[in-house]
$ cat start.cif   # mmCIF, C-alpha atoms
data_query
loop_
_atom_site.label_atom_id
_atom_site.label_comp_id
_atom_site.auth_asym_id
_atom_site.auth_seq_id
_atom_site.Cartn_x
_atom_site.Cartn_y
_atom_site.Cartn_z
CA MET Z 1 101.42 81.51 166.52
CA LYS Z 2 105.10 80.75 166.44
CA ARG Z 3 104.89 79.83 162.82
CA THR Z 4 103.28 83.14 161.93
CA ALA Z 5 106.06 84.97 163.71
CA ILE Z 6 108.73 83.07 161.82
CA SER Z 7 107.10 83.63 158.46
CA LEU Z 8 106.74 87.29 159.31
CA TRP Z 9 110.45 87.46 160.01
CA ALA Z 10 111.24 85.68 156.79
CA LEU Z 11 109.01 88.06 154.90
CA SER Z 12 110.64 91.14 156.37
CA PHE Z 13 114.08 89.80 155.46
CA LEU Z 14 112.88 89.27 151.96
CA PHE Z 15 111.78 92.86 151.81
CA LEU Z 16 115.07 94.02 153.18
CA PHE Z 17 117.06 92.25 150.49
CA SER Z 18 114.72 93.13 147.67
CA CYS Z 19 115.25 96.77 148.49
CA SER Z 20 118.81 96.92 147.24
CA ASN Z 21 117.89 99.80 144.97
CA GLU Z 22 121.49 100.83 144.59
CA LYS Z 23 121.91 104.50 143.89
CA LYS Z 24 124.26 105.21 141.05
CA LEU Z 25 125.81 108.53 140.20
CA PRO Z 26 125.37 109.83 136.67
CA ILE Z 27 128.31 109.93 134.26
CA PHE Z 28 128.83 113.37 132.75
CA GLY Z 29 130.24 114.55 129.47
CA GLU Z 30 129.80 113.59 125.86
CA ARG Z 31 129.78 109.94 125.00
CA SER Z 32 130.20 107.94 121.84
CA VAL Z 33 129.74 104.33 120.83
CA LYS Z 34 132.33 101.87 119.73
CA ILE Z 35 131.90 98.48 118.13
CA VAL Z 36 133.93 95.87 119.91
CA LYS Z 37 134.42 92.27 118.96
CA GLY Z 38 133.60 89.96 121.82
CA ALA Z 39 135.51 86.84 122.67
CA ASP Z 40 132.91 84.85 120.76
CA GLY Z 41 133.59 86.84 117.63
CA ILE Z 42 130.28 88.70 117.70
CA ASP Z 43 130.25 92.51 117.36
CA ARG Z 44 128.87 94.38 120.32
CA ILE Z 45 128.16 98.04 121.00
CA ASP Z 46 130.11 99.61 123.80
CA THR Z 47 129.64 103.10 125.24
CA VAL Z 48 132.74 105.24 125.44
CA TYR Z 49 132.52 107.86 128.16
CA LYS Z 50 134.39 111.10 128.29
CA THR Z 51 137.50 110.80 130.40
CA VAL Z 52 140.01 113.25 131.78
CA PRO Z 53 143.07 113.25 129.46
CA ASP Z 54 146.67 112.78 130.58
CA PHE Z 55 148.19 115.69 132.43
CA LYS Z 56 151.51 116.67 133.95
CA PHE Z 57 151.87 119.46 136.49
CA LEU Z 58 154.30 120.56 139.19
CA ASN Z 59 152.95 120.08 142.68
CA GLN Z 60 153.67 122.02 145.87
CA ASP Z 61 156.93 120.10 146.33
CA SER Z 62 158.07 120.97 142.79
CA VAL Z 63 157.62 117.35 141.76
CA TYR Z 64 155.85 116.47 138.53
CA ILE Z 65 152.59 114.66 139.07
CA THR Z 66 150.54 113.00 136.35
CA GLN Z 67 147.32 111.04 135.95
CA ASP Z 68 149.27 108.01 137.19
CA ASP Z 69 149.36 109.46 140.70
CA PHE Z 70 145.57 109.28 140.67
CA LYS Z 71 145.37 105.81 139.17
CA GLY Z 72 142.62 103.74 140.76
CA LYS Z 73 141.57 106.66 142.98
CA ILE Z 74 138.47 108.72 143.31
CA TYR Z 75 139.41 112.37 143.44
CA VAL Z 76 137.87 115.78 143.97
CA THR Z 77 139.35 118.58 141.91
CA ASP Z 78 138.95 122.34 141.73
CA PHE Z 79 140.46 125.54 140.34
CA PHE Z 80 141.58 128.36 142.61
CA PHE Z 81 144.42 130.77 143.30
CA THR Z 82 146.16 131.63 146.54
CA SER Z 83 145.51 135.38 146.52
CA CYS Z 84 141.80 134.91 145.81
CA SER Z 85 139.78 136.59 148.52
CA THR Z 86 136.29 135.93 147.18
CA ILE Z 87 135.12 132.35 146.81
CA CYS Z 88 138.33 130.35 147.30
CA PRO Z 89 138.64 130.59 151.10
CA VAL Z 90 135.14 129.27 151.64
CA MET Z 91 135.60 126.58 148.96
CA HIS Z 92 138.72 125.28 150.64
CA ARG Z 93 137.22 125.61 154.10
CA ASN Z 94 134.44 123.28 152.92
CA LEU Z 95 136.73 120.97 150.97
CA LYS Z 96 139.00 120.68 153.98
CA GLU Z 97 136.09 119.28 155.96
CA ILE Z 98 135.60 116.57 153.33
CA TYR Z 99 139.35 115.95 153.39
CA GLU Z 100 139.30 115.47 157.15
CA LYS Z 101 136.45 112.97 156.84
CA PHE Z 102 138.18 110.80 154.23
CA LYS Z 103 141.71 111.39 155.47
CA SER Z 104 142.35 107.76 156.30
CA ASN Z 105 140.82 106.39 153.10
CA PRO Z 106 143.60 105.61 150.58
CA GLU Z 107 141.10 105.51 147.69
CA ILE Z 108 140.38 109.23 147.85
CA MET Z 109 142.56 112.14 146.77
CA PHE Z 110 142.26 115.87 146.24
CA LEU Z 111 143.66 117.98 143.40
CA SER Z 112 143.62 121.77 143.36
CA HIS Z 113 144.87 123.61 140.27
CA THR Z 114 145.96 127.21 140.51
CA ILE Z 115 144.83 129.47 137.69
CA ASP Z 116 147.30 132.19 138.69
CA PHE Z 117 150.18 131.12 136.48
CA LYS Z 118 152.03 134.36 137.18
CA TYR Z 119 152.33 134.23 140.93
CA ASP Z 120 151.35 130.83 142.30
CA LYS Z 121 154.64 128.98 141.78
CA PRO Z 122 155.11 125.71 143.70
CA SER Z 123 156.74 127.49 146.66
CA VAL Z 124 153.68 129.72 147.03
CA LEU Z 125 151.41 126.69 146.81
CA LYS Z 126 153.51 124.92 149.44
CA LYS Z 127 153.05 127.79 151.84
CA TYR Z 128 149.34 127.90 151.13
CA ALA Z 129 148.90 124.16 151.73
CA GLN Z 130 150.85 124.38 154.98
CA LYS Z 131 148.79 127.28 156.19
CA LEU Z 132 145.55 125.57 155.26
CA GLY Z 133 146.86 122.63 157.27
CA VAL Z 134 146.59 120.04 154.50
CA ASP Z 135 150.14 119.67 153.21
CA THR Z 136 150.10 115.91 152.57
CA LYS Z 137 150.38 113.53 149.63
CA LYS Z 138 146.62 113.20 149.68
CA TRP Z 139 145.92 116.75 148.58
CA GLU Z 140 147.99 117.95 145.62
CA PHE Z 141 148.21 121.64 144.78
CA VAL Z 142 149.44 121.97 141.23
CA TYR Z 143 150.93 124.60 138.98
CA GLY Z 144 150.93 124.52 135.19
CA ASP Z 145 151.17 126.95 132.30
CA LYS Z 146 148.06 128.92 131.43
CA GLU Z 147 147.27 127.00 128.25
CA SER Z 148 147.25 123.52 129.77
CA VAL Z 149 145.46 124.41 133.01
CA TYR Z 150 142.78 126.55 131.38
CA THR Z 151 142.12 124.01 128.64
CA LEU Z 152 141.83 121.20 131.15
CA ALA Z 153 139.42 123.29 133.22
CA GLU Z 154 137.11 124.26 130.41
CA LYS Z 155 137.27 121.29 128.06
CA ASP Z 156 137.62 118.45 130.50
CA TYR Z 157 136.46 119.37 133.99
CA LEU Z 158 133.87 121.79 132.58
CA VAL Z 159 134.78 124.64 134.92
CA ALA Z 160 134.92 128.17 133.54
CA VAL Z 161 138.12 130.10 134.31
CA LYS Z 162 139.35 133.38 132.90
CA GLU Z 163 141.88 136.10 133.39
CA ASP Z 164 140.03 139.37 133.89
CA SER Z 165 141.70 142.56 135.02
CA SER Z 166 138.38 144.11 136.04
CA ALA Z 167 137.64 141.35 138.57
CA THR Z 168 138.50 141.89 142.25
CA ASP Z 169 141.62 139.73 142.25
CA GLY Z 170 142.36 139.62 138.53
CA TYR Z 171 140.69 136.32 137.68
CA ILE Z 172 137.17 135.01 137.45
CA HIS Z 173 136.33 131.38 137.87
CA GLN Z 174 133.62 129.02 139.03
CA GLY Z 175 133.71 127.37 142.42
CA TRP Z 176 132.89 123.84 141.34
CA LEU Z 177 134.25 120.87 143.19
CA VAL Z 178 134.37 118.16 140.55
CA LEU Z 179 134.14 114.49 141.48
CA VAL Z 180 136.12 112.09 139.27
CA ASP Z 181 135.87 108.31 139.50
CA LYS Z 182 138.51 105.59 139.22
CA HIS Z 183 138.08 105.46 135.45
CA ARG Z 184 138.71 109.19 135.03
CA ARG Z 185 135.07 109.93 134.35
CA LEU Z 186 133.19 112.98 135.72
CA ARG Z 187 130.56 111.89 138.20
CA GLY Z 188 129.45 115.10 139.85
CA ALA Z 189 130.02 118.84 140.30
CA TYR Z 190 129.17 120.73 143.47
CA ASP Z 191 129.20 124.41 144.33
CA GLY Z 192 132.01 124.58 146.85
CA THR Z 193 130.66 127.75 148.42
CA LYS Z 194 127.38 126.16 149.56
CA THR Z 195 127.40 123.92 152.61
CA GLU Z 196 124.40 121.86 151.44
CA GLU Z 197 126.10 121.07 148.12
CA VAL Z 198 129.27 120.09 149.92
CA ALA Z 199 127.23 117.78 152.15
CA LYS Z 200 125.90 116.19 148.97
CA LEU Z 201 129.46 115.74 147.71
CA GLU Z 202 130.32 113.85 150.86
CA LYS Z 203 127.33 111.55 150.38
CA ASP Z 204 128.14 111.02 146.71
CA ILE Z 205 131.74 110.09 147.50
CA ALA Z 206 130.39 107.40 149.82
CA THR Z 207 128.06 106.18 147.06
CA LEU Z 208 130.89 106.14 144.54
CA LEU Z 209 133.08 104.17 146.92
CA THR Z 210 130.54 101.36 147.04
CA GLU Z 211 130.23 101.21 143.25
CA LYS Z 212 131.32 97.92 141.73
CA GLU Z 213 133.92 97.99 139.03
CA MET A 1 94.26 128.95 190.23
CA ARG A 2 93.10 132.48 189.73
CA LYS A 3 95.77 133.67 192.05
CA TYR A 4 98.41 132.01 189.88
CA ILE A 5 97.13 133.55 186.68
CA LEU A 6 97.11 136.95 188.27
CA ALA A 7 100.60 136.48 189.59
CA ILE A 8 101.93 135.34 186.20
CA THR A 9 100.27 138.20 184.34
CA PHE A 10 101.64 140.66 186.83
CA SER A 11 105.17 139.41 186.63
CA LEU A 12 105.01 139.34 182.82
CA MET A 13 103.92 142.96 182.90
CA ILE A 14 106.74 143.98 185.17
CA GLY A 15 109.14 142.00 183.01
CA SER A 16 108.05 143.72 179.82
CA PHE A 17 108.38 147.12 181.49
CA VAL A 18 111.92 146.36 182.48
CA LEU A 19 112.83 145.06 179.03
CA SER A 20 111.24 148.00 177.23
CA CYS A 21 113.31 150.32 179.36
CA GLN A 22 116.39 149.79 177.23
CA SER A 23 118.41 152.92 177.12
CA GLU A 24 118.83 154.73 173.84
CA ASP A 25 122.46 153.64 173.73
CA GLN A 26 121.49 150.02 173.92
CA ILE A 27 119.00 150.43 171.10
CA GLU A 28 121.62 152.09 168.96
CA GLN A 29 124.12 149.36 169.68
CA ALA A 30 121.55 146.74 168.74
CA LYS A 31 121.05 148.51 165.41
CA TYR A 32 124.79 148.49 164.77
CA LEU A 33 124.92 144.82 165.69
CA THR A 34 122.25 143.65 163.25
CA GLY A 35 123.67 145.76 160.44
CA GLY A 36 127.15 144.54 161.29
CA LYS A 37 126.10 140.93 161.09
CA ASP A 38 124.97 141.28 157.46
CA LEU A 39 128.12 143.16 156.52
CA TYR A 40 130.23 140.51 158.20
CA LYS A 41 128.56 137.79 156.15
CA THR A 42 129.22 139.65 152.92
CA HIS A 43 132.76 140.83 153.47
CA CYS A 44 134.45 138.85 156.25
CA GLN A 45 132.92 135.43 156.68
CA ASN A 46 134.63 133.88 153.63
CA CYS A 47 137.99 133.98 155.34
CA HIS A 48 137.28 134.52 159.03
CA GLY A 49 134.44 132.01 159.25
CA GLU A 50 130.89 132.08 160.48
CA ASN A 51 131.96 131.96 164.12
CA GLY A 52 135.13 133.97 163.73
CA GLU A 53 137.20 130.79 163.78
CA GLY A 54 139.53 131.87 160.98
CA LEU A 55 140.95 129.55 158.32
CA GLY A 56 144.02 127.54 159.22
CA GLN A 57 146.98 129.88 159.25
CA LEU A 58 145.68 131.70 156.20
CA ALA A 59 143.23 133.91 158.08
CA PRO A 60 143.42 134.60 161.82
CA PRO A 61 140.46 133.91 164.10
CA LEU A 62 138.60 136.88 165.55
CA THR A 63 138.27 135.25 168.94
CA ASP A 64 141.28 136.84 170.67
CA SER A 65 139.68 139.38 173.02
CA VAL A 66 143.02 140.77 174.15
CA PHE A 67 144.18 141.38 170.59
CA LEU A 68 140.93 143.14 169.71
CA ALA A 69 140.99 145.29 172.83
CA ASN A 70 144.64 146.24 172.30
CA HIS A 71 144.11 147.09 168.65
CA LYS A 72 140.67 148.65 168.85
CA GLN A 73 141.93 151.96 167.45
CA LYS A 74 143.52 150.08 164.54
CA LEU A 75 140.56 147.94 163.52
CA ALA A 76 139.12 150.62 161.23
CA CYS A 77 142.49 150.85 159.42
CA TYR A 78 142.69 147.07 159.03
CA ILE A 79 139.25 146.89 157.49
CA LYS A 80 139.60 149.91 155.20
CA ASN A 81 143.20 149.48 154.07
CA GLY A 82 143.90 145.81 154.62
CA LEU A 83 146.81 144.39 156.54
CA SER A 84 150.11 142.86 155.51
CA ASP A 85 152.09 143.03 158.77
CA THR A 86 152.80 139.87 160.70
CA ILE A 87 150.46 139.70 163.67
CA THR A 88 150.14 137.31 166.60
CA VAL A 89 146.64 136.16 167.44
CA ASN A 90 145.91 133.61 170.17
CA GLY A 91 149.65 132.97 170.29
CA VAL A 92 149.92 132.05 166.60
CA LYS A 93 151.75 134.13 163.99
CA TYR A 94 149.91 135.17 160.82
CA ASP A 95 151.87 136.69 157.93
CA GLY A 96 149.29 136.55 155.17
CA LYS A 97 147.76 139.51 153.43
CA MET A 98 144.30 140.82 154.14
CA PRO A 99 142.71 142.86 151.35
CA GLY A 100 141.36 146.33 152.13
CA PHE A 101 137.71 147.18 151.78
CA LYS A 102 137.92 150.70 150.40
CA GLN A 103 134.29 150.70 149.35
CA LEU A 104 133.02 150.54 152.94
CA ASN A 105 131.99 153.88 154.42
CA ASP A 106 132.44 154.96 158.03
CA ILE A 107 129.08 153.76 159.28
CA ASP A 108 129.59 150.30 157.78
CA ILE A 109 133.04 150.03 159.34
CA ALA A 110 131.61 151.06 162.72
CA LYS A 111 128.86 148.45 162.44
CA LEU A 112 131.42 145.77 161.61
CA ILE A 113 133.60 146.72 164.54
CA VAL A 114 130.63 146.66 166.92
CA TYR A 115 129.58 143.28 165.57
CA ILE A 116 133.04 141.71 165.75
CA THR A 117 133.90 143.08 169.19
CA ASN A 118 130.56 141.97 170.62
CA SER A 119 130.34 138.50 169.08
CA PHE A 120 132.48 135.35 169.24
CA GLY A 121 132.55 135.62 173.03
CA HIS A 122 133.47 139.32 173.22
CA LYS A 123 131.58 142.07 174.98
CA GLN A 124 133.48 145.24 174.29
CA GLY A 125 130.57 147.65 173.88
CA MET A 126 129.83 150.48 171.52
CA TYR A 127 132.02 152.00 168.84
CA LYS A 128 130.43 155.02 167.18
CA TYR A 129 130.86 155.92 163.54
CA GLU A 130 132.36 159.31 164.42
CA GLN A 131 135.28 157.38 165.83
CA VAL A 132 136.02 155.80 162.45
CA SER A 133 137.21 158.94 160.70
CA ALA A 134 139.32 159.84 163.72
CA ASP A 135 140.92 156.39 163.78
CA LEU A 136 141.46 156.36 160.02
CA GLN A 137 143.55 159.53 160.27
CA ASN A 138 146.02 157.69 162.45
CA CYS A 139 146.60 154.78 160.08
CA LYS A 140 150.22 154.52 159.26
#
$ encode --input "start.cif" --output "structure tokens"
Amino acid sequence: MKRTAISLWALSFLFLFSCSNEKKLPIFGERSVKIVKGADGIDRIDTVYKTVPDFKFLNQDSVYITQDDFKGKIYVTDFFFTSCSTICPVMHRNLKEIYEKFKSNPEIMFLSHTIDFKYDKPSVLKKYAQKLGVDTKKWEFVYGDKESVYTLAEKDYLVAVKEDSSATDGYIHQGWLVLVDKHRRLRGAYDGTKTEEVAKLEKDIATLLTEKE
Amino acid sequence: MRKYILAITFSLMIGSFVLSCQSEDQIEQAKYLTGGKDLYKTHCQNCHGENGEGLGQLAPPLTDSVFLANHKQKLACYIKNGLSDTITVNGVKYDGKMPGFKQLNDIDIAKLIVYITNSFGHKQGMYKYEQVSADLQNCK
């Protein structure tokens, strides 16, 4: 009897460990292949994933920040503007909840780009961040010229943004929250206006955190 | 057993009589409330939140009963024309800008006011749509 019990236990442990079906997030964007020479001198095929290019923007403290400030970090990024009264408030309400949850985790950062290059100067962004209650080094609000911000949005983070005088606040844009991994690769995009998508973002951040290098 | 069933049926009957005896005013207010809830979702919830909690210091909460009661005649103006004055709600100063909702007509504004002033812990009663045009004339 005792023996059966022990073997049952052993069996269940076996099951437990065999079930390490690790969930992995997809990697988005175009990819290409590269031939690399291994240490043994044999050619191997390596996949090159799309990565976010270098950038340089002024943050809410009028300090230049670059990709180096996000080195080795997972970050969530989005495009907004401070006078936006349509989707931005709800996006940032939801993103703030994620921020609060990962506040003490040094591996996670947040990066919001303004698309209102006319009005949202760093001082305006500073005020906005303070009022939202997230004015810390962990959440950067950045300002850049139209060309560089809009190109980065559309070509690299795959978020549509546009100046449009017929829109309610003068701009149209998508409310994606984009998840970027430690190797500057796109790993997910979530509609920041929907609570269920934001809940998924939170789960995916946790998954990404456990990913091995 | 039979006695119990009779008693329960009887009290249910009395109960339904009482409940069906809502006054016309109450029915009208309930109509305003349900309409107001949908309008709130579409136009207000983004900034002021599902439960009127506001958003940081960007958008004030709608939970300050005293503020609402004191500014009841101004609420129609705020909704229609927006607001850029500095206001104090729940003891906190807000100096942001609220956009106006010019497209809303009087009945929609009245429904919103009834919904806001009778939700989030408030119970400030009816506000008829006739009042809207009167209040809008006094916007500064």
$ atom_distance --input "start.cif" --atom1 "atom CA of Lys118 of chain Z" --atom2 "atom CA of Asp85 of chain A"
23.3 Å
$ closest_residue --input "start.cif" --among "Z:Lys212, Z:His113, Z:Lys203, Z:His92" --to "Thr151 of chain Z" --atoms "all atoms listed in the file"
Z:His113
$ interface_residues --input "start.cif" --of "chain A" --to "chain Z" --cutoff "9 Å" --atoms "only C-alpha atoms" --output "list in words"
His43, Gln45, Asn46, Cys47, His48, Gly49, Leu55, Gly56, Gln57, Leu58, Ala59, Lys97, Met98 and Pro99 of chain A
$ residues_around --input "start.cif" --residues "segment 181-185 of chain Z" --least-positions-apart "6" --cutoff "10 Å" --atoms "only C-alpha atoms" --output "count of residues only"
27
$ resolve_selection --input "start.cif" --expression "the PyMOL selection byres ((chain Z and resi 33) around 9)" --output "ChimeraX atom specification"
/Z:31-32,34-35,45-49
$ decode --input "start.cif" --residues "segment 109-121 of chain A" --atoms "all heavy atoms" --output "mmCIF file, in the first residue's frame"
data_model
loop_
_atom_site.group_PDB
_atom_site.id
_atom_site.type_symbol
_atom_site.label_atom_id
_atom_site.label_comp_id
_atom_site.auth_asym_id
_atom_site.auth_seq_id
_atom_site.Cartn_x
_atom_site.Cartn_y
_atom_site.Cartn_z
ATOM 1 N N ILE A 109 -28.198 66.802 -22.106
ATOM 2 C CA ILE A 109 -27.509 67.448 -20.986
ATOM 3 C C ILE A 109 -28.275 67.194 -19.685
ATOM 4 O O ILE A 109 -27.684 66.852 -18.653
ATOM 5 C CB ILE A 109 -27.344 68.963 -21.255
ATOM 6 C CG1 ILE A 109 -26.363 69.164 -22.416
ATOM 7 C CG2 ILE A 109 -26.856 69.699 -20.013
ATOM 8 C CD1 ILE A 109 -26.182 70.598 -22.840
ATOM 9 N N ALA A 110 -29.609 67.293 -19.760
ATOM 10 C CA ALA A 110 -30.414 67.041 -18.559
ATOM 11 C C ALA A 110 -30.239 65.608 -18.075
ATOM 12 O O ALA A 110 -30.070 65.349 -16.875
ATOM 13 C CB ALA A 110 -31.884 67.327 -18.858
ATOM 14 N N LYS A 111 -30.227 64.662 -19.015
ATOM 15 C CA LYS A 111 -30.043 63.252 -18.637
ATOM 16 C C LYS A 111 -28.695 63.051 -17.961
ATOM 17 O O LYS A 111 -28.581 62.338 -16.954
ATOM 18 C CB LYS A 111 -30.125 62.366 -19.879
ATOM 19 C CG LYS A 111 -31.544 62.131 -20.372
ATOM 20 C CD LYS A 111 -31.499 61.361 -21.680
ATOM 21 C CE LYS A 111 -32.902 61.069 -22.197
ATOM 22 N NZ LYS A 111 -32.840 60.512 -23.556
ATOM 23 N N LEU A 112 -27.664 63.687 -18.517
ATOM 24 C CA LEU A 112 -26.324 63.561 -17.929
ATOM 25 C C LEU A 112 -26.296 64.124 -16.513
ATOM 26 O O LEU A 112 -25.724 63.529 -15.599
ATOM 27 C CB LEU A 112 -25.299 64.309 -18.792
ATOM 28 C CG LEU A 112 -24.688 63.496 -19.929
ATOM 29 C CD1 LEU A 112 -23.831 64.388 -20.815
ATOM 30 C CD2 LEU A 112 -23.849 62.350 -19.374
ATOM 31 N N ILE A 113 -26.913 65.275 -16.345
ATOM 32 C CA ILE A 113 -26.905 65.899 -15.021
ATOM 33 C C ILE A 113 -27.656 65.025 -14.016
ATOM 34 O O ILE A 113 -27.197 64.808 -12.892
ATOM 35 C CB ILE A 113 -27.489 67.336 -15.085
ATOM 36 C CG1 ILE A 113 -26.526 68.227 -15.888
ATOM 37 C CG2 ILE A 113 -27.715 67.908 -13.685
ATOM 38 C CD1 ILE A 113 -27.002 69.648 -16.092
ATOM 39 N N VAL A 114 -28.789 64.477 -14.430
ATOM 40 C CA VAL A 114 -29.531 63.587 -13.532
ATOM 41 C C VAL A 114 -28.685 62.362 -13.188
ATOM 42 O O VAL A 114 -28.590 61.959 -12.027
ATOM 43 C CB VAL A 114 -30.882 63.147 -14.160
ATOM 44 C CG1 VAL A 114 -31.524 62.042 -13.342
ATOM 45 C CG2 VAL A 114 -31.828 64.337 -14.245
ATOM 46 N N TYR A 115 -28.019 61.809 -14.211
ATOM 47 C CA TYR A 115 -27.200 60.621 -13.934
ATOM 48 C C TYR A 115 -26.051 60.942 -12.970
ATOM 49 O O TYR A 115 -25.843 60.248 -11.982
ATOM 50 C CB TYR A 115 -26.637 60.038 -15.238
ATOM 51 C CG TYR A 115 -25.750 58.849 -14.987
ATOM 52 C CD1 TYR A 115 -26.284 57.634 -14.561
ATOM 53 C CD2 TYR A 115 -24.360 58.951 -15.121
ATOM 54 C CE1 TYR A 115 -25.472 56.544 -14.292
ATOM 55 C CE2 TYR A 115 -23.545 57.864 -14.851
ATOM 56 C CZ TYR A 115 -24.108 56.669 -14.436
ATOM 57 O OH TYR A 115 -23.298 55.603 -14.151
ATOM 58 N N ILE A 116 -25.335 62.027 -13.264
ATOM 59 C CA ILE A 116 -24.151 62.346 -12.443
ATOM 60 C C ILE A 116 -24.550 62.714 -11.018
ATOM 61 O O ILE A 116 -23.909 62.279 -10.056
ATOM 62 C CB ILE A 116 -23.346 63.486 -13.107
ATOM 63 C CG1 ILE A 116 -22.685 62.957 -14.387
ATOM 64 C CG2 ILE A 116 -22.276 64.040 -12.159
ATOM 65 C CD1 ILE A 116 -22.163 64.038 -15.310
ATOM 66 N N THR A 117 -25.636 63.478 -10.871
ATOM 67 C CA THR A 117 -25.992 63.923 -9.526
ATOM 68 C C THR A 117 -26.813 62.883 -8.755
ATOM 69 O O THR A 117 -27.221 63.139 -7.623
ATOM 70 C CB THR A 117 -26.788 65.252 -9.557
ATOM 71 O OG1 THR A 117 -27.940 65.076 -10.382
ATOM 72 C CG2 THR A 117 -25.948 66.383 -10.091
ATOM 73 N N ASN A 118 -27.031 61.723 -9.378
ATOM 74 C CA ASN A 118 -27.711 60.648 -8.652
ATOM 75 C C ASN A 118 -26.920 59.337 -8.690
ATOM 76 O O ASN A 118 -27.470 58.268 -8.460
ATOM 77 C CB ASN A 118 -29.117 60.429 -9.207
ATOM 78 C CG ASN A 118 -30.035 61.585 -8.850
ATOM 79 O OD1 ASN A 118 -30.497 61.717 -7.716
ATOM 80 N ND2 ASN A 118 -30.257 62.464 -9.812
ATOM 81 N N SER A 119 -25.631 59.454 -9.027
ATOM 82 C CA SER A 119 -24.756 58.281 -9.006
ATOM 83 C C SER A 119 -23.559 58.639 -8.137
ATOM 84 O O SER A 119 -23.516 59.718 -7.562
ATOM 85 C CB SER A 119 -24.275 57.934 -10.409
ATOM 86 O OG SER A 119 -25.373 57.829 -11.275
ATOM 87 N N PHE A 120 -22.592 57.734 -8.073
ATOM 88 C CA PHE A 120 -21.345 57.982 -7.343
ATOM 89 C C PHE A 120 -21.618 58.431 -5.902
ATOM 90 O O PHE A 120 -20.883 59.240 -5.332
ATOM 91 C CB PHE A 120 -20.471 59.044 -8.048
ATOM 92 C CG PHE A 120 -20.485 58.952 -9.550
ATOM 93 C CD1 PHE A 120 -20.680 60.081 -10.335
ATOM 94 C CD2 PHE A 120 -20.326 57.728 -10.184
ATOM 95 C CE1 PHE A 120 -20.694 59.994 -11.727
ATOM 96 C CE2 PHE A 120 -20.340 57.633 -11.576
ATOM 97 C CZ PHE A 120 -20.529 58.767 -12.348
ATOM 98 N N GLY A 121 -22.701 57.933 -5.323
ATOM 99 C CA GLY A 121 -23.013 58.262 -3.937
ATOM 100 C C GLY A 121 -23.893 59.492 -3.756
ATOM 101 O O GLY A 121 -24.172 59.893 -2.637
#
